[in-house]
Structures are given as structure tokens and as C-alpha cells.
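Enquirer: Here you go, one structure.
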Amino acid sequence: MTVFRGPPGPPSALVSWWRRRPPLGFAAKVSIAIALGLTFVITWTTLSPTSSSQQISTERTYFTADIAEPPPVSRNATSGHRKKPSSSRGHKKRRPPARSHRPNATPSPDATASKANRTDPESTPEQEPINEQEREPASEWETEPGEEQEQEQEPELAVPEENGESNGKAPKEEDEKAPDLESVDESNVLDGDEEDFEEKPKSKDSKKKKKLPPLFSSAAHYHWKLCSAKSGNHYTPCVDFDGDGSQRHHERSCPRSPVTCLVSLPKEYKLPAPWPERKEKVWYGNVGHPRLSSYVKDQSWLNRTGEHLVFPLDESEFKGGARHYIESIDEMVPDIDWGKNIRIALDIGCKSAGFGVALLEKDVITLSLGLTSDQTDLAQVALERGIPATIGSLGSRRLPFPSGAFDVIHCSECNIPWHSNGGKLLLEMNRILRPGGYFIISSRHGDLESEEGISASMTAVCWNTIAYSSDDVSELGVKIFQRPASNEEYDLRAKKDPPFCKEDQNKATAWYTPIKHCLHKAPAGIEERGSEWPEEWPKRLETYPDWLGDLQARVAADHSHWKAVVEKSYLDGLGINWTNIRNVLDMKAVYGGFAAALSSEKVWVMNVVPVHAPDTLPVIYERGLVGAYHDWCEPFSTYPRSYDLLHADHLFSRLKNRCKEPVTILVELDRILRPGGWAIIREKLEILDPLEAILKSLHWEIVMTFRKDKEGIMSVKKTTWRP
């Protein structure tokens, strides 16, 4: 700044007096300073208006924990009744909950939790208070007016850089904290027509404040680096503690900062063999680590031969083989009728996955649940073999499955204290087991009665002991329980402990939801899901029960749509070699139409229903398919290189208002897809075009793209490139 001054001249009379005045005392100086300060404060208070941004900020802090539940019709995909929206002002923005409350972003297919449920002390999750400084800033779509122009500039995005937390190291963890979820009210959106949905502003003023930049900027540049986690090519965020593979979280706990680094590849990584050859042997180098190497030495069902891990057909963790073990269960309960009456099973505590492998021959899909406490990572070995598996923990939270999902739950020598902590884990099994379903538990102790409290816990939840046998060949004591199909036995209990859950306590919510010490009743009315057993497989896949109500026609249309797309386009028109495809992940399943269309192929599909979308996962399980809830702003609960094919149908456009750094979704895709694996992406062109540029920066091969009007489809293949 340049300052202009006039020519020098003689001092004025005022200046001469000022120079001759006596010096001011200390008290006088203090008085002048106070007077000037008060004058400034009064002037600022009078002239400074209360801005709208200040008002918005105040409201955001006050209502942060008060998120209105959506109407029962929109998310209650299984109710069969639909209501008109009560407001004509468009879609309302749902604010993120306070950190002191765990969000429940997956509404019930059976009942929508009322407002009283959020204030009920029994239903409020217990959690340690979180320091106010740990709260994350407001998300992108709650932009202050002064920040709007800065966001639209989209500066170059470095992923990651050398400074700060972007140095390629695994981000720091934040223990026992549920993520802030921002849900979009999709109350009047048809599940099958989500492509036409956009967030509508309430007014012109709010439109200016919420104007968002593109999801992926075409001007951004990406600089990729490898994660420096100690677990190396096995790094699994939300499971590994601070990137250290030697320590695991007891329960899911994701990094504070989004993961923007790429997981390295094992040295000399080799593509898995086609199915079913990969079921019998896999490359050791793809999954090997010191703990697994030590474990292999003591097992008969798992041999290391040269570069391979070999699984003998007649060997498993069950003496005499898994086939004999299942045959003994058939003799105990002939009504089980595998592959017809029983279609979906959950195997807790993944070992050889022999139980699931043997049931594949009977057309039963068994999801093996590998516990995070298992540092041998046998679930990763199962996925490498092409066997359905996921990882999770049995702790204080519910598993990410809907209520009444599984026909059978199996646990063999899993050493889980079902009766401890008031039997909470058993109550969770009661929630996810279908009414009338079977719980099979086996132990080498022979007499399960010797396990303290197990019988009392089963009696408390009214599970009936229908068979018990001690098998001489397997040397296992097997006991089979059955969950009551009605509430008559619950009502006859002499001691009401555990008590019945309150009507407003949602039994279907499962994302970061604590397990409550209460017993959910069985469905009573014929219009309720779970009141009747599904049709036998495979009729179950295309039978739409009456409790679906108005959704019957929509599920049928979804089935027909994806059947035509898969047969006419996916199987032959995308350049994919399906003989090398076994593990498939549908990242935004609606009614499971994509998975149903692949049911005749030699694949299995994990159907993911995002937590912000309408809750359609119960419909998927009812059709005889498997899946889980997930928030794609976080890493998925699986190991690196788990899947052979990823399917994303308008996933990114649904996440535009949720994820702080949407590019982390692509980082997660790169982590969970194996080299040589494929991804099919259907999106709007405004998202698909910059998405293609990002995938090219990851050195993925763009095999095919097709554009029509404002929509497009892209078939891409991951390479072995690492930075």
C-alpha cells in the first residue's frame, strides 16, 4: 500500500501544546483504555446484524441429536402399506446425530422406531462422553454462505501427501465411536427408481447455501501412495488397531481420518484358479503370513504343498469329515431337509469352512462369520477359496443382519460364552434366527450340560431342545435347539427374564446398534414378515409372499429387469471372463434382482444394502440370498482382495451428500477387489466421466464404456499396478 504525504511545514498550535503538556499518570492511561474498549464493544454490538449463518450454526448444534425418523412407508419395505408424504415442501435434510448417540441409519422392515425410543433411557446406547474437540466438522452439504465459493473452486486434491496425516500411514483410530451418518429422506422415492431422485431445496435461499460442487472434479489430480500399516498387504481398516496387524479392535472401530492410501500386494501375487478348482487349493503367497504358517503345521485338513495350500476333500475340522457330520445332523432332525426347507445358514467362528463347503453340495448357502479375534485370518482363506465369508465381532453391538434372517445358525467348538453378560449374545442369535429356525452347537466336551449356564440361558429364551447326540466318529456332542415359531411359549414363562422388548424398540436396526437385554417376540399376524416359513428352494427365489403387499409387483419387476440385463448384456457384452468369477459384491442391492439373475452361474453374491437407503435386506434374505448392511463412507468388513467382481448401480450419486471424501470409496474398491478382478459401474455421466479419470490414475483398464443420454455404463478391470 502506498501512502501520500504533504510537504513539511511548521507545527500547529495544537501540536505545540501537546508537546508541552505534562505526562499522563498511570490511572489516566488505564481510564482512557477502558473507555476506548467500551466504545468499541457498544459500537460493534449496535452495528453488527445477526447473520443467517450464525442462526444456522446455532440450530445445527442444538438439534444435532434430534433426527426425525422417515415415514414408516418409505423405509419399511416389507410393511406392504404406503402413505403419502405429509409435507409438500420436498425432501427434508436430515442432520447428523450427536456423537453421544449412536446413529441407527437402517430403519425397520417390521416397525419404525418412534421418537420416544430415542429418549428412552433403556434404549439409549451407553457410551463414554466424547470431547467436544473430537467432533467432526459439518458435512459438505451444510455449507456456510462464506464457504460456498471456496468449495466450488475444487483445488488440486493430493491423495495422500507427505505432510500431516496423508503420509501413506494408516490413519489414527478413534475407539468406540459410531460415525456421523447423514441420511437423505427418500420417503417418496420408489426403490427401483432411485436414479431419478435428487435432493430438492426448500427455498431459493437454502438452494444457494446448499449448492454442492461435483462429486468428483475433473480438474483434480491424484497422487497415490501405499499404506505403511504394519499389517502390510493384509491391512483391514476398522479391524486392525492403528494399522498394526498384531492388535485388533474388540469391535468395529474405523480410523478418524478417511483412508486414502492403497494397500500393497503380496510379492508374486497370482490369480486364483477357476471354480471349483480353487475350492481345493489356493496360492499360499496370496494369503500367507507367519501366524497362518504356524497354524498350518498342526492341522490335518490344511496342508502346505510347495506354493499351494491344499484342502483334502475328506478332511475338515470334523473327524470323519464334514459330510459325516452333516449326515449325523440329518439323522437327528430329518425335518431340516437341507437345500429345500433350509437355504441360508450362518456358521460362527470360521475354521476350515468345511460345514459350508459340504452344504454347498446340498444347495445351501452358508455365510461363515470369521471373528476379528482370529488373527490366523481363516475367513480370508475361505474367501480365497471362493466360500462365502465375512468378518465381524460378537460383543456389545448387533451384527449387520436383519432380524429373522437365517434358517440355521451353527457353532462348533467356537468357545463363545453364550450365557455370560445376561445372555446378550444369545439374545442376538434369537434376533437374527428365523422363528422356527435351528441353532446347532457342538463341543468336544461331550456333555453340553457341563457348560455353566448354557441350559438356563436356552430355557430363558424358550428355545426347545429337539435333539442331542454324542457322535463316536466325530467325537462331538451335538445339540440342536429350535426357536419358537409363535409367542405362546414366551407367554408361559414363569420368570419374565429377559423381559420382552418394548414395542418401540426396533428389532431390525443393526448398524452400530447396541444389543439390548430384552427378548423380541415372534411375528404374530399373517401380514408380518416371519410369521410363515418361506417356500422351498428354488421356488423361494421367485415367490413373493403376501406380507410384501404393494411391493410384490415391484420385486417381480426388479427380478425381470435384472434377468434381462444380465442375460443380454453382462454375461456376453462387457468383456468379462465369467469362468474366473466366483465372489461377487453388489454394492447397492435393492431387492436382490442382480444376485437372483446370477443364481444359475457358479458364483455367490454378497448383497449390500446401504444404511441410508430403504431397508430392503429382509426381502433379499426372504428370497434365499445373503447380504449385510453397510455405510460406504467407511471401509467394508472384509479382507483385501476378497472379491472377483464388484457391481455398483448408481451408488456414487446416492453418496453425494454423505461422504466427506468420496474418493475414499474408490480407494476401498481398490482394496477389496483382487488384481484381475472386474467392476461394473452404472452412473450418470456427470459422475461417470470424472470417475473414469480417477480409475485411470489407479491404472485400472477401461475395457468398455457405453453412454446414452445422461446415463452410462463402464466395465473396468483392476491391474497389479501399485505406486
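Chain labels run A, B, ... following the order of the C-alpha cells; each chain numbers its residues from 1, and ligands are numbered from 1 in the order shown.
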Tell me which protein, DNA and RNA residues are within 9 Å of range 466-478 of chain A, counting only C-alpha atoms, leaving out same-chain ones fewer than 5 positions away, and put them as a list in words.
Expert: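 These residues fall inside the cut-off: Phe318, Lys319, Gly320, Gly321, His324, Tyr325, Ser328, Ile329, Met332, Val333, Ser412, Ile440, Ile441, Ser442, Ser443, Arg444, His445, Gly446, Asp447 and Leu448 of chain A.
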Enquirer: CA of Glu622 in chain A and CA of Leu541 in chain A, how far apart in Å?
Expert: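 Going from CA of Leu541 in chain A over to CA of Glu622 in chain A, I get 8.1 Å.
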Enquirer: Compare A:Phe311, A:Tyr222, A:Tyr629, A:Trp301 by their minimum atom-to-atom distance to Thr513 in chain A, counting only C-alpha atoms, and give me the closest one.
Expert: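 Ranked by minimum distance to Thr513 in chain A, first place goes to A:Tyr629.
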Enquirer: Within 10 Å of range 714-720 of chain A, which residues of range 532-578 of chain A show up? Give each one with its shortest atom-to-atom distance in Å (one decimal) and the two atoms involved, counting only C-alpha atoms, rows by chain then rising residue number, as a tab-separated table.
Expert:
residue	atom	partner	partner_atom	distance
A:Tyr570	CA	A:Ser715	CA	9.5
A:Gly573	CA	A:Ser715	CA	9.7
A:Leu574	CA	A:Ser715	CA	6.1
A:Gly575	CA	A:Ser715	CA	7.9
A:Ile576	CA	A:Ser715	CA	8.3
Enquirer: Could you save the residues just selected, with N, CA, C and O atoms, as a PDB file, in the first residue's frame?
Expert:
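Below you can see result-v6.pdb, which holds the result:
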ATOM      1  N   TYR A 570     -24.595 -58.357 -19.490  1.00  0.00           N
ATOM      2  CA  TYR A 570     -23.489 -58.617 -18.578  1.00  0.00           C
ATOM      3  C   TYR A 570     -22.703 -59.878 -18.927  1.00  0.00           C
ATOM      4  O   TYR A 570     -21.473 -59.892 -18.856  1.00  0.00           O
ATOM      5  N   GLY A 573     -21.628 -59.090 -23.097  1.00  0.00           N
ATOM      6  CA  GLY A 573     -21.339 -57.809 -23.734  1.00  0.00           C
ATOM      7  C   GLY A 573     -20.336 -56.911 -23.047  1.00  0.00           C
ATOM      8  O   GLY A 573     -20.068 -55.811 -23.539  1.00  0.00           O
ATOM      9  N   LEU A 574     -19.763 -57.336 -21.935  1.00  0.00           N
ATOM     10  CA  LEU A 574     -18.862 -56.456 -21.184  1.00  0.00           C
ATOM     11  C   LEU A 574     -17.410 -56.918 -21.222  1.00  0.00           C
ATOM     12  O   LEU A 574     -16.553 -56.299 -20.599  1.00  0.00           O
ATOM     13  N   GLY A 575     -17.131 -58.004 -21.898  1.00  0.00           N
ATOM     14  CA  GLY A 575     -15.756 -58.484 -21.998  1.00  0.00           C
ATOM     15  C   GLY A 575     -15.270 -59.228 -20.781  1.00  0.00           C
ATOM     16  O   GLY A 575     -14.063 -59.439 -20.614  1.00  0.00           O
ATOM     17  N   ILE A 576     -16.171 -59.651 -19.900  1.00  0.00           N
ATOM     18  CA  ILE A 576     -15.795 -60.319 -18.654  1.00  0.00           C
ATOM     19  C   ILE A 576     -15.716 -61.823 -18.876  1.00  0.00           C
ATOM     20  O   ILE A 576     -16.624 -62.426 -19.457  1.00  0.00           O
TER      21      ILE A 576
END
Enquirer: Extract, using only C-alpha atoms, all DNA, RNA and protein residues at most 9 Å from Pro538 in chain A, discarding same-chain residues fewer than 5 positions from it, and format them as a CSV table (one decimal) with N, CA and C atoms, in the first residue's frame.
Expert:
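New file selection_32.csv:
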chain,number,residue,atom,x,y,z
A,339,GLY,N,-31.3,-77.7,1.7
A,339,GLY,CA,-31.4,-77.3,0.3
A,339,GLY,C,-32.9,-77.1,-0.1
A,340,LYS,N,-33.8,-77.4,0.7
A,340,LYS,CA,-35.2,-77.1,0.4
A,340,LYS,C,-35.9,-76.3,1.5
A,343,ARG,N,-32.2,-73.1,3.5
A,343,ARG,CA,-31.5,-72.5,2.4
A,343,ARG,C,-30.3,-71.6,2.9
A,623,ARG,N,-35.8,-64.2,0.0
A,623,ARG,CA,-35.7,-64.8,-1.4
A,623,ARG,C,-34.6,-65.9,-1.4
A,624,GLY,N,-33.9,-66.1,-0.3
A,624,GLY,CA,-32.9,-67.2,-0.2
A,624,GLY,C,-31.5,-66.7,-0.6
Enquirer: Please report the interatomic distance between CA of Leu359 in chain A and CA of Ser316 in chain A in Å with one decimal.
Expert: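 CA of Ser316 in chain A lies at a distance of 13.2 Å from CA of Leu359 in chain A.
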Enquirer: I need the residue nearest Thr664 in chain A from this list: A:Cys411, A:Leu262, A:Ala382, A:Val30. Use only C-alpha atoms for the distance.
Expert: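 Under the stated criterion, the closest residue is A:Leu262.
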Enquirer: Could you jot down the CA of His520 in chain A to CA of Cys501 in chain A separation for me, Å, one decimal place?
Expert: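 Spanning CA of His520 in chain A to CA of Cys501 in chain A is a straight-line distance of 5.4 Å.
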Enquirer: Quick one: residues within 12 Å of range 490-493 of chain A, only C-alpha atoms, excluding same-chain residues fewer than 6 positions away - as number ranges by chain?
Expert: A: 459-464, 483-484, 499-500, 519-522
Enquirer: So, with only C-alpha atoms as the atoms that count, which of A:Ser373, A:Arg582, A:Ile391, A:Trp533 lies closest to Lys279 in chain A?
Expert: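 Nearest to Lys279 in chain A: A:Arg582.
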Enquirer: Mind checking which residues fall within 12 Å of range 690-694 of chain A, counting only C-alpha atoms, ignoring those fewer than 5 positions away in the same chain, and posting them as a count of residues only?
Expert: 42
